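Listing of entry.txt, compact mmCIF, C-alpha atoms and all ligand atoms
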# COMPACT_ATOMS: atom_id res chain seq x y z
CA MET A 1 13.33 -9.59 17.84
CA GLN A 2 11.12 -6.61 18.37
CA ASN A 3 8.19 -7.35 20.70
CA GLU A 4 8.58 -10.95 19.76
CA PRO A 5 8.67 -14.02 21.95
CA GLU A 6 11.53 -16.39 22.30
CA PRO A 7 10.99 -18.36 19.08
CA THR A 8 9.61 -21.47 20.74
CA ASP A 9 6.12 -20.99 19.33
CA VAL A 10 6.32 -18.91 16.20
CA ARG A 11 5.35 -19.79 12.67
CA ALA A 12 4.85 -18.00 9.38
CA ALA A 13 1.25 -16.98 8.68
CA SER A 14 -0.19 -18.52 5.53
CA ASP A 15 -1.15 -16.14 2.72
CA ALA A 16 -4.83 -16.62 3.63
CA GLU A 17 -4.17 -15.86 7.31
CA ALA A 18 -2.11 -12.78 6.47
CA ALA A 19 -4.86 -11.47 4.19
CA ASP A 20 -7.63 -11.85 6.78
CA THR A 21 -7.44 -8.47 8.52
CA ASP A 22 -10.46 -9.08 10.76
CA ALA A 23 -9.16 -12.42 12.09
CA TRP A 24 -5.64 -10.98 12.51
CA HIS A 25 -6.87 -8.00 14.55
CA ALA A 26 -9.40 -10.05 16.54
CA ALA A 27 -6.61 -12.40 17.62
CA ASN A 28 -4.34 -9.52 18.55
CA ARG A 29 -7.05 -7.87 20.59
CA LEU A 30 -7.37 -10.98 22.76
CA ALA A 31 -3.59 -11.28 23.05
CA TRP A 32 -3.21 -7.62 24.07
CA ASP A 33 -5.95 -7.90 26.66
CA GLU A 34 -3.85 -10.65 28.20
CA ALA A 35 -0.64 -8.63 27.92
CA ALA A 36 -2.29 -5.68 29.68
CA GLU A 37 -1.57 -7.61 32.87
CA ARG A 38 2.05 -6.47 32.60
CA TYR A 39 1.02 -2.82 32.13
CA GLU A 40 -1.10 -3.05 35.30
CA GLY A 41 2.15 -3.55 37.20
CA TRP A 42 3.47 -0.30 35.79
CA LEU A 43 0.45 1.84 36.79
CA GLU A 44 1.82 3.33 40.02
CA GLU A 45 5.03 4.32 38.25
CA ALA A 46 3.00 5.90 35.46
CA ILE A 47 0.85 7.87 37.91
CA SER A 48 3.90 9.23 39.66
CA LEU A 49 5.57 10.15 36.36
CA ILE A 50 2.55 12.00 35.02
CA ARG A 51 1.69 13.68 38.32
CA THR A 52 5.17 15.14 38.54
CA GLY A 53 4.93 16.59 35.04
CA GLY A 54 7.22 14.00 33.49
CA SER A 55 7.29 12.41 30.08
CA ASN A 56 7.83 8.79 29.12
CA LEU A 57 8.91 9.78 25.63
CA PHE A 58 12.49 9.50 24.44
CA PRO A 59 14.53 12.66 23.78
CA VAL A 60 14.39 11.87 20.07
CA GLU A 61 10.58 11.82 20.24
CA MET A 62 10.41 15.02 22.24
CA ASP A 63 12.66 16.72 19.68
CA LEU A 64 10.26 15.67 16.92
CA ILE A 65 7.12 16.62 18.84
CA GLY A 66 8.47 19.83 20.33
CA ASP A 67 6.86 22.10 22.88
CA LEU A 68 3.08 21.76 22.46
CA ARG A 69 2.14 24.61 24.76
CA GLY A 70 -0.18 27.06 23.03
CA ARG A 71 -0.07 25.24 19.70
CA CYS A 72 -1.89 21.94 20.20
CA ARG A 73 -5.56 21.92 21.09
CA ARG A 74 -5.80 18.18 20.67
CA ALA A 75 -3.19 15.43 20.49
CA ILE A 76 -4.44 12.02 19.38
CA HIS A 77 -2.38 8.95 20.28
CA LEU A 78 -3.17 5.78 18.35
CA GLN A 79 -2.56 2.41 20.02
CA CYS A 80 -2.17 4.22 23.32
CA ALA A 81 -2.07 1.15 25.60
CA GLY A 82 -2.28 2.25 29.26
CA GLY A 83 -2.05 5.93 28.39
CA ARG A 84 1.35 6.77 29.84
CA ASP A 85 2.74 8.10 26.57
CA THR A 86 -0.59 9.81 25.80
CA LEU A 87 -0.50 11.77 29.05
CA SER A 88 3.14 12.57 28.40
CA LEU A 89 1.80 14.61 25.47
CA TRP A 90 -0.41 16.48 27.93
CA ASN A 91 2.65 17.23 30.04
CA LEU A 92 4.37 18.50 26.91
CA GLY A 93 1.60 21.07 26.58
CA ALA A 94 -1.32 19.62 24.59
CA ASP A 95 -4.60 21.17 25.80
CA GLU A 96 -6.35 17.81 25.63
CA VAL A 97 -5.39 14.30 24.61
CA VAL A 98 -7.29 11.42 23.03
CA GLY A 99 -6.04 7.87 23.23
CA VAL A 100 -7.31 5.09 20.96
CA ASP A 101 -6.74 1.41 21.61
CA PHE A 102 -8.74 -1.77 21.03
CA SER A 103 -7.87 -3.36 24.37
CA ARG A 104 -10.53 -2.63 26.98
CA ARG A 105 -8.19 -3.74 29.73
CA MET A 106 -5.52 -1.27 28.55
CA LEU A 107 -8.08 1.53 28.49
CA ASP A 108 -9.27 0.66 32.00
CA LEU A 109 -5.71 1.38 33.06
CA ALA A 110 -5.66 4.61 31.08
CA ARG A 111 -8.83 5.71 32.88
CA ARG A 112 -7.26 4.95 36.26
CA LEU A 113 -4.29 7.05 35.19
CA THR A 114 -6.65 9.88 34.28
CA ASP A 115 -8.52 9.62 37.57
CA ALA A 116 -5.26 9.82 39.48
CA THR A 117 -3.90 12.80 37.56
CA GLY A 118 -6.95 14.80 36.51
CA ALA A 119 -5.69 14.89 32.93
CA PRO A 120 -8.09 16.12 30.22
CA ALA A 121 -8.12 12.84 28.34
CA THR A 122 -10.65 10.87 26.34
CA TRP A 123 -10.15 7.15 25.82
CA ILE A 124 -11.69 5.49 22.81
CA GLU A 125 -11.99 1.75 22.45
CA ALA A 126 -11.65 1.09 18.75
CA ASP A 127 -9.58 -0.68 16.18
CA VAL A 128 -7.12 1.78 14.77
CA LEU A 129 -8.52 1.02 11.31
CA ASP A 130 -11.98 2.14 12.49
CA VAL A 131 -11.35 5.25 14.55
CA PRO A 132 -14.68 7.10 14.91
CA HIS A 133 -15.22 9.78 12.30
CA ASP A 134 -16.09 12.46 14.81
CA LEU A 135 -12.35 12.72 15.41
CA ASP A 136 -11.69 13.49 11.75
CA GLY A 137 -9.72 16.65 11.11
CA THR A 138 -9.13 17.33 14.82
CA ALA A 139 -5.54 16.24 15.55
CA ASP A 140 -3.09 19.11 15.80
CA LEU A 141 -0.65 16.38 16.75
CA LEU A 142 -1.19 12.77 15.73
CA TYR A 143 1.28 10.48 17.43
CA THR A 144 1.82 6.73 17.12
CA GLY A 145 4.54 4.18 17.49
CA ARG A 146 6.74 2.34 19.99
CA GLY A 147 5.56 -1.04 18.95
CA ALA A 148 2.40 -0.12 17.06
CA ILE A 149 2.78 -0.79 13.34
CA ILE A 150 3.84 -4.44 13.51
CA TRP A 151 0.39 -5.40 14.84
CA LEU A 152 -1.50 -4.04 11.84
CA ALA A 153 -2.67 -6.11 8.89
CA ASP A 154 -3.43 -3.33 6.42
CA LEU A 155 -1.14 -0.32 6.12
CA ASP A 156 -3.16 1.38 3.39
CA ARG A 157 -6.25 1.49 5.60
CA TRP A 158 -4.11 2.64 8.52
CA ALA A 159 -2.51 5.47 6.54
CA ALA A 160 -5.95 6.62 5.34
CA VAL A 161 -7.02 6.89 9.00
CA LEU A 162 -3.91 8.93 9.83
CA ARG A 163 -4.70 11.33 7.05
CA ARG A 164 -8.34 11.83 7.98
CA LEU A 165 -7.56 12.46 11.66
CA LEU A 166 -5.11 15.28 10.99
CA ALA A 167 -6.37 18.83 11.41
CA PRO A 168 -5.43 21.29 8.69
CA GLY A 169 -1.86 22.23 9.55
CA GLY A 170 -1.66 19.28 11.98
CA ARG A 171 1.44 17.12 12.23
CA LEU A 172 1.86 13.37 12.25
CA VAL A 173 4.78 12.02 14.30
CA ILE A 174 5.63 8.32 14.16
CA PHE A 175 8.44 6.75 16.17
CA ASP A 176 8.55 2.99 15.93
CA GLY A 177 10.73 -0.08 15.71
CA HIS A 178 12.87 -0.37 12.59
CA PRO A 179 12.09 -3.53 10.62
CA ALA A 180 15.82 -4.23 10.22
CA GLU A 181 15.94 -4.74 13.98
CA TRP A 182 14.47 -8.21 13.46
CA LEU A 183 17.58 -9.21 11.52
CA PHE A 184 19.97 -8.73 14.42
CA ASP A 185 20.38 -10.00 17.95
CA GLY A 186 23.01 -9.81 20.66
CA ASP A 187 25.76 -12.43 20.26
CA GLY A 188 26.09 -12.86 24.04
CA ASP A 189 29.45 -11.09 23.96
CA GLY A 190 28.32 -7.50 23.50
CA GLY A 191 28.29 -7.62 19.70
CA TRP A 192 25.71 -8.43 17.04
CA THR A 193 24.79 -11.64 15.31
CA LEU A 194 22.33 -12.31 12.49
CA THR A 195 19.00 -13.93 13.35
CA GLY A 196 17.30 -16.28 10.92
CA TYR A 197 14.61 -13.70 10.23
CA ASP A 198 13.55 -13.25 6.62
CA TYR A 199 13.16 -9.51 6.04
CA PHE A 200 10.72 -10.11 3.20
CA GLY A 201 9.04 -13.11 4.80
CA GLY A 202 5.70 -11.64 5.88
CA ALA A 203 3.56 -12.05 8.97
CA GLU A 204 4.26 -14.39 11.86
CA ILE A 205 1.90 -15.94 14.39
CA SER A 206 3.25 -16.55 17.86
CA ARG A 207 2.50 -17.15 21.51
CA GLY A 208 4.56 -15.79 24.38
CA TRP A 209 6.44 -12.52 24.80
CA ALA A 210 10.02 -11.34 24.96
CA PRO A 211 11.42 -11.43 28.50
CA GLU A 212 12.67 -7.85 28.12
CA TYR A 213 9.15 -6.57 27.50
CA ILE A 214 5.95 -8.37 28.51
CA ASP A 215 7.71 -11.55 29.64
CA ARG A 216 5.73 -14.32 31.32
CA LEU A 217 2.08 -13.72 32.16
CA SER A 218 -0.12 -15.52 34.66
CA ILE A 219 -1.47 -17.47 31.68
CA PRO A 220 1.17 -19.98 30.48
CA ASP A 221 2.60 -19.14 27.04
CA GLU A 222 1.04 -22.17 25.40
CA GLU A 223 -2.44 -21.20 26.66
CA GLN A 224 -2.22 -17.57 25.55
CA HIS A 225 -4.10 -16.33 22.52
CA PRO A 226 -1.92 -16.39 19.40
CA LYS A 227 -0.99 -13.03 17.95
CA TYR A 228 -0.04 -11.85 14.49
CA ALA A 229 2.84 -9.47 13.77
CA LYS A 230 4.67 -8.31 10.71
CA ALA A 231 7.82 -6.22 10.44
CA TRP A 232 6.53 -4.07 7.60
CA THR A 233 9.50 -2.84 5.59
CA LEU A 234 10.35 0.83 5.64
CA GLY A 235 9.43 0.91 1.96
CA GLU A 236 5.96 -0.47 2.67
CA ILE A 237 5.38 2.03 5.47
CA VAL A 238 6.54 5.07 3.51
CA THR A 239 4.63 3.99 0.41
CA ALA A 240 1.41 3.62 2.43
CA LEU A 241 1.83 7.11 3.91
CA LEU A 242 2.48 8.64 0.50
CA GLY A 243 -0.45 6.75 -0.98
CA ALA A 244 -2.78 8.28 1.60
CA GLY A 245 -1.79 11.79 0.59
CA LEU A 246 0.51 12.59 3.47
CA ARG A 247 3.35 15.01 2.84
CA LEU A 248 6.46 13.51 4.39
CA GLN A 249 8.78 16.07 5.92
CA GLN A 250 11.37 13.71 7.29
CA VAL A 251 12.03 10.00 7.57
CA THR A 252 14.91 9.23 9.92
CA GLU A 253 16.51 6.00 11.10
CA HIS A 254 17.80 5.84 14.68
CA PRO A 255 20.01 3.49 16.72
CA VAL A 256 17.68 4.07 19.69
CA ASP A 257 16.99 0.75 21.45
CA TRP A 258 13.39 1.76 22.10
CA TRP A 259 12.30 -1.31 24.09
CA ALA A 260 15.68 -2.09 25.67
CA GLY A 261 15.61 -5.40 23.84
CA HIS A 262 19.30 -5.09 22.98
CA ARG A 263 20.72 -3.83 26.24
CA ASP A 264 23.18 -6.73 26.20
CA VAL A 265 24.85 -5.19 23.13
CA ARG A 266 27.66 -2.75 23.90
CA ALA A 267 26.75 0.89 23.28
CA ASP A 268 29.51 1.32 20.69
CA GLN A 269 28.13 -1.65 18.74
CA ARG A 270 24.49 -0.68 19.12
CA GLY A 271 25.03 2.53 17.18
CA ARG A 272 25.79 0.45 14.07
CA VAL A 273 22.28 -0.91 13.58
CA PRO A 274 19.01 0.96 12.89
CA LEU A 275 16.71 -0.07 15.74
CA SER A 276 14.00 2.56 15.31
CA PHE A 277 12.77 5.08 12.77
CA SER A 278 10.67 8.22 12.77
CA VAL A 279 8.42 10.03 10.33
CA VAL A 280 7.11 13.57 10.47
CA ALA A 281 4.32 14.36 8.01
CA THR A 282 1.46 16.72 7.30
CA ARG A 283 -1.64 16.48 5.12
CA ASP A 284 -1.00 17.04 1.46
CA ARG A 285 -4.55 17.94 0.43
C1 LIG B 1 3.33 -2.15 22.13
S1 LIG B 1 1.79 -1.50 22.63
C2 LIG B 1 2.03 0.20 22.38
C3 LIG B 1 2.71 0.70 23.52
C4 LIG B 1 2.64 2.17 23.68
N1 LIG B 1 3.37 2.83 22.64
C5 LIG B 1 3.19 2.41 25.05
O1 LIG B 1 4.42 2.34 25.22
O2 LIG B 1 2.41 2.58 25.95
C6 LIG B 1 0.71 -1.85 21.30
C7 LIG B 1 -0.69 -1.39 21.59
O3 LIG B 1 -1.39 -1.42 20.36
C8 LIG B 1 -2.70 -1.86 20.60
N2 LIG B 1 -3.20 -2.36 19.32
C9 LIG B 1 -2.66 -3.33 18.56
N3 LIG B 1 -3.36 -3.46 17.42
C10 LIG B 1 -4.36 -2.55 17.46
C11 LIG B 1 -5.41 -2.21 16.59
N4 LIG B 1 -5.58 -2.85 15.43
N5 LIG B 1 -6.27 -1.22 16.94
C12 LIG B 1 -6.13 -0.58 18.14
N6 LIG B 1 -5.14 -0.87 19.02
C13 LIG B 1 -4.25 -1.85 18.69
C14 LIG B 1 -2.56 -2.90 21.71
O4 LIG B 1 -3.76 -3.11 22.42
C15 LIG B 1 -1.47 -2.28 22.56
O5 LIG B 1 -2.02 -1.49 23.58

Encoded form using structure tokens:
Amino acid sequence: MQNEPEPTDVRAASDAEAADTDAWHAANRLAWDEAAERYEGWLEEAISLIRTGGSNLFPVEMDLIGDLRGRCRRAIHLQCAGGRDTLSLWNLGADEVVGVDFSRRMLDLARRLTDATGAPATWIEADVLDVPHDLDGTADLLYTGRGAIIWLADLDRWAAVLRRLLAPGGRLVIFDGHPAEWLFDGDGDGGWTLTGYDYFGGAEISRGWAPEYIDRLSIPDEEQHPKYAKAWTLGEIVTALLGAGLRLQQVTEHPVDWWAGHRDVRADQRGRVPLSFSVVATRDR
């Protein structure tokens, strides 16, 4: 399952837990500060990638984002983690980049990446639902995804933030995990099998991380802070974006295995399942 642990310590959130946005996000902030340990191990690789003008983005993302040279004064990246994808936007031609994340430890890494590369970046420690208003209307490109949306408790508030950050004529690009991904897993023989996941089941609370992604940390799984996640359906995501007054230009489903969580599935089989999706949108009003 996407960004999810082996299901040894996972349970459904109660309705009251799922409705408590502050508690949900506070828990996730602690859990992501712990998980930043894994990103620290990737810093040298990130420095070398950015220094050599590279991009960590997938071809599908670069196609959506395009060449930013001369047409993007500011790119804002929400839930930027250690800043590698944010600075990839700089290498694609954004004049300056702004990364927003609520994990101080992630942003410490992003700052070290900036120091090592001289990138014109600003790092803002904030919940994505409370991005400071001085950024309103300034994003020529607003980018988010790659494991971002599942951590959020309130998509209507999130979509309202997306809308207010966009500059007139600015573009929103989302590339994230497809909620249907949670329904499928490798069968151990290169094909697919169904998981027990309930597509309409709601938020889950878990400890521990998938071995293909964060894996084990120095803190044992059972002592880690619990985290909340929800595979928001594509309908919920699109409806939130429309409700905020965003004009959707395209919504596309992709077989791209964006976190390599299904690398045990044969390539010919992988193409049968939507593992990621993208949205391109502008402001409607
Ligand atoms: C899977 S990571 C994103 C990874 C990023 N796309 C990358 O590859 O570098 C999720 C990030 O979202 C951040 N995050 C989760 N919930 C957040 C929230 N409510 N506000 C701000 N940041 C949040 C976490 O701290 C973490 O850095």

Which residues of region 158-259 of chain A come within 9 Å of region 31-55 of chain A, and what is each one's closest atom pair and distance in Å (one decimal), counting all atoms listed in the file, sorted by chain and residue number, as CSV?
residue,atom,partner,partner_atom,distance
A:Arg207,CA,A:Ala31,CA,8.6
A:Trp209,CA,A:Ala35,CA,8.7
A:Tyr213,CA,A:Arg38,CA,8.7
A:Ile214,CA,A:Arg38,CA,6.0
A:Asp215,CA,A:Arg38,CA,8.2
A:Arg216,CA,A:Arg38,CA,8.8
A:Leu217,CA,A:Glu37,CA,7.2
A:Ser218,CA,A:Glu37,CA,8.2
A:Ile219,CA,A:Glu34,CA,8.0
A:Gln224,CA,A:Ala31,CA,6.9
A:His225,CA,A:Ala31,CA,5.1
A:Pro226,CA,A:Ala31,CA,6.5
A:Lys227,CA,A:Ala31,CA,6.0

Neighbourhood of ligand LIG 1 (chain B) at 6 Å, counting only C-alpha atoms and all ligand atoms, reported as a VMD selection string: chain A and resid 25 32 79 to 82 84 to 85 101 to 103 126 to 128 145 to 148 151 to 152

Would you mind exporting the chosen residues as a JSON list (two decimals), in the frame of the given file, restricted to C-alpha atoms?
[["chain", "number", "residue", "atom", "x", "y", "z"],
["A", 25, "HIS", "CA", -6.87, -8.00, 14.55],
["A", 32, "TRP", "CA", -3.21, -7.62, 24.07],
["A", 79, "GLN", "CA", -2.56, 2.41, 20.02],
["A", 80, "CYS", "CA", -2.17, 4.22, 23.32],
["A", 81, "ALA", "CA", -2.07, 1.15, 25.60],
["A", 82, "GLY", "CA", -2.28, 2.25, 29.26],
["A", 84, "ARG", "CA", 1.35, 6.77, 29.84],
["A", 85, "ASP", "CA", 2.74, 8.10, 26.57],
["A", 101, "ASP", "CA", -6.74, 1.41, 21.61],
["A", 102, "PHE", "CA", -8.74, -1.77, 21.03],
["A", 103, "SER", "CA", -7.87, -3.36, 24.37],
["A", 126, "ALA", "CA", -11.65, 1.09, 18.75],
["A", 127, "ASP", "CA", -9.58, -0.68, 16.18],
["A", 128, "VAL", "CA", -7.12, 1.78, 14.77],
["A", 145, "GLY", "CA", 4.54, 4.18, 17.49],
["A", 146, "ARG", "CA", 6.74, 2.34, 19.99],
["A", 147, "GLY", "CA", 5.56, -1.04, 18.95],
["A", 148, "ALA", "CA", 2.40, -0.12, 17.06],
["A", 151, "TRP", "CA", 0.39, -5.40, 14.84],
["A", 152, "LEU", "CA", -1.50, -4.04, 11.84]]

With distances taken over all atoms listed in the file, which residue among A:Trp232, A:Trp192, A:Trp258, A:Trp158 lies nearest Ser276 (chain A)? A:Trp258

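What separates CA of Arg71 (chain A) from CA of Asp136 (chain A) is a distance of 18.3 Å.
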
Taking (17.8, 2.5, 13.6) in the file's coordinates, which residues come within 12 Å, counting all atoms listed in the file, written as a PDB file with C-alpha atoms, in the frame of the given file?
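Result file follows (out_10.pdb):
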ATOM      1  CA  VAL A  60      14.390  11.870  20.070  1.00  0.00           C
ATOM      2  CA  PHE A 175       8.440   6.750  16.170  1.00  0.00           C
ATOM      3  CA  ASP A 176       8.550   2.990  15.930  1.00  0.00           C
ATOM      4  CA  GLY A 177      10.730  -0.080  15.710  1.00  0.00           C
ATOM      5  CA  HIS A 178      12.870  -0.370  12.590  1.00  0.00           C
ATOM      6  CA  PRO A 179      12.090  -3.530  10.620  1.00  0.00           C
ATOM      7  CA  ALA A 180      15.820  -4.230  10.220  1.00  0.00           C
ATOM      8  CA  GLU A 181      15.940  -4.740  13.980  1.00  0.00           C
ATOM      9  CA  TRP A 182      14.470  -8.210  13.460  1.00  0.00           C
ATOM     10  CA  LEU A 183      17.580  -9.210  11.520  1.00  0.00           C
ATOM     11  CA  PHE A 184      19.970  -8.730  14.420  1.00  0.00           C
ATOM     12  CA  LEU A 234      10.350   0.830   5.640  1.00  0.00           C
ATOM     13  CA  VAL A 251      12.030  10.000   7.570  1.00  0.00           C
ATOM     14  CA  THR A 252      14.910   9.230   9.920  1.00  0.00           C
ATOM     15  CA  GLU A 253      16.510   6.000  11.100  1.00  0.00           C
ATOM     16  CA  HIS A 254      17.800   5.840  14.680  1.00  0.00           C
ATOM     17  CA  PRO A 255      20.010   3.490  16.720  1.00  0.00           C
ATOM     18  CA  VAL A 256      17.680   4.070  19.690  1.00  0.00           C
ATOM     19  CA  ASP A 257      16.990   0.750  21.450  1.00  0.00           C
ATOM     20  CA  TRP A 258      13.390   1.760  22.100  1.00  0.00           C
ATOM     21  CA  ARG A 270      24.490  -0.680  19.120  1.00  0.00           C
ATOM     22  CA  GLY A 271      25.030   2.530  17.180  1.00  0.00           C
ATOM     23  CA  ARG A 272      25.790   0.450  14.070  1.00  0.00           C
ATOM     24  CA  VAL A 273      22.280  -0.910  13.580  1.00  0.00           C
ATOM     25  CA  PRO A 274      19.010   0.960  12.890  1.00  0.00           C
ATOM     26  CA  LEU A 275      16.710  -0.070  15.740  1.00  0.00           C
ATOM     27  CA  SER A 276      14.000   2.560  15.310  1.00  0.00           C
ATOM     28  CA  PHE A 277      12.770   5.080  12.770  1.00  0.00           C
ATOM     29  CA  SER A 278      10.670   8.220  12.770  1.00  0.00           C
TER      30      SER A 278
END

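The interatomic distance for the pair CA of Arg69 (chain A) and CA of Arg171 (chain A) works out to 14.6 Å.
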